[in-house]
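These notes are about the structure you will find just below.
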Amino acid sequence: MSVGLLRSLGIPARYVSGYLHPKPGAPIGEAVKGESHAWVEWWDGSWTGYDPTNVVEIGTRHVTLGRGRDYKDVPPLKGIFSGPRSEGHSVVVEVTRLA
């Protein structure tokens with residue numbers, strides 16, 4: 001929604017997919033379960049990021065995986081399934097603060 005609003009105002013904007021470190025101020029070296037997340041960036045002479053879900057500027061807790069026009073360009077998981085009708089999938093991501 002934020003991307004569409006910015007574009008309707010004539011401001012170039014893009015959708016960003018990635019992970020969010022869920023613990024602000026976590027100790028260095030502590031591995032925690034990362035959260036799949038998305039935010040917006042807009043052009044104002046340089047790309048500026050904002051996380052409307054958490055109402056914060058993009059910082060060291062945000063890990064970018066991809067940028068695109070919208071979710072369809074950069075989903076967290078994308079692929080082709082071939083085989084029997086039964087399927088299963090499980091993903092766990094750990095995020096560690098390094099500095």
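Just remember, in the structure tokens the first chain shown is A, the second B, etc., residues are 1-based per chain, and ligands are 1-based in the order shown.
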
| request: Go through segment 3-91 of chain A and collect every residue that DSSP, computed from the backbone, puts in strand (DSSP E or B); the answer should be as a VMD selection string. | output: chain A and resid 13 to 20 31 to 33 35 to 43 47 to 51 56 to 57 62 to 68

### Task
Extract, using only C-alpha atoms, all DNA, RNA and protein residues at most 6 Å from segment 31-47 of chain A, discarding same-chain residues fewer than 6 positions from it, and format them as a list of chain:residue names.
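Final neighbour list, sorted by chain and number: A:Pro12, A:Ala13, A:Arg14, A:Tyr15, A:Val16, A:Ser17, A:Gly18, A:Tyr19, A:Leu20, A:His21, A:Val93, A:Glu94, A:Val95, A:Thr96.
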
Write the residues you've just listed into a file as a PDB file, in the first residue's frame, and include C-alpha atoms for each of them.
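New file out18.pdb:
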ATOM      1  CA  PRO A  12       9.551   6.542  -7.403  1.00  0.00           C
ATOM      2  CA  ALA A  13       9.156   3.699  -4.894  1.00  0.00           C
ATOM      3  CA  ARG A  14      10.051   0.037  -4.594  1.00  0.00           C
ATOM      4  CA  TYR A  15       9.128  -2.956  -2.447  1.00  0.00           C
ATOM      5  CA  VAL A  16      11.904  -4.541  -0.358  1.00  0.00           C
ATOM      6  CA  SER A  17      11.814  -8.119   0.907  1.00  0.00           C
ATOM      7  CA  GLY A  18      14.055  -9.455   3.640  1.00  0.00           C
ATOM      8  CA  TYR A  19      14.337 -10.374   7.286  1.00  0.00           C
ATOM      9  CA  LEU A  20      13.988  -8.408  10.488  1.00  0.00           C
ATOM     10  CA  HIS A  21      16.095  -9.079  13.577  1.00  0.00           C
ATOM     11  CA  VAL A  93      16.227 -18.478   9.481  1.00  0.00           C
ATOM     12  CA  GLU A  94      18.623 -17.412  12.206  1.00  0.00           C
ATOM     13  CA  VAL A  95      19.859 -13.830  12.367  1.00  0.00           C
ATOM     14  CA  THR A  96      22.953 -12.865  14.359  1.00  0.00           C
TER      15      THR A  96
END

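With distances restricted to only C-alpha atoms, A:Val91 is the closest residue to Leu77 of chain A from A:Val91, A:Pro52, A:Thr64, A:Leu98.
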
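If you look at atom CA of Asp51 of chain A and atom CA of Pro24 of chain A, they are 14.4 Å away from each other.
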
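Nearest to Asn54 of chain A of all the residues A:Gly88, A:Gly4, A:Pro22, A:Tyr71 is A:Pro22, counting only C-alpha atoms.
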
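One finds atom CA of Ile28 of chain A at 28.9 Å from atom CA of Pro75 of chain A.
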
Using the chain letters and numbers from this document, which residues of chain A does DSSP assign to helix (DSSP H, G or I), as number ranges by chain? A: 2-8, 71-73

Once you have the residues from the selection above, write them out as a PDB file, in the first residue's frame, restricted to C-alpha atoms.
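As a result, part.pdb now contains:
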ATOM      1  CA  SER A   2       2.815   2.430   0.854  1.00  0.00           C
ATOM      2  CA  VAL A   3       4.511   1.791  -2.504  1.00  0.00           C
ATOM      3  CA  GLY A   4       1.268   2.518  -4.371  1.00  0.00           C
ATOM      4  CA  LEU A   5       0.621   5.693  -2.395  1.00  0.00           C
ATOM      5  CA  LEU A   6       4.111   7.047  -3.044  1.00  0.00           C
ATOM      6  CA  ARG A   7       3.849   6.237  -6.752  1.00  0.00           C
ATOM      7  CA  SER A   8       0.438   7.931  -6.979  1.00  0.00           C
ATOM      8  CA  TYR A  71       5.717  -8.609  -3.797  1.00  0.00           C
ATOM      9  CA  LYS A  72       5.504 -10.635  -7.011  1.00  0.00           C
ATOM     10  CA  ASP A  73       9.034  -9.505  -7.972  1.00  0.00           C
TER      11      ASP A  73
END

Q.
Please determine, counting only C-alpha atoms, which residue among A:Thr48, A:Val74, A:Pro84, A:Gly68 has the shortest atom-to-atom distance to Ile11 of chain A.
A.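 Of A:Thr48, A:Val74, A:Pro84, A:Gly68, the one nearest Ile11 of chain A, counting only C-alpha atoms, is A:Thr48.
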
Between atom CA of Met1 of chain A and atom CA of Val63 of chain A lies a distance of 20.9 Å
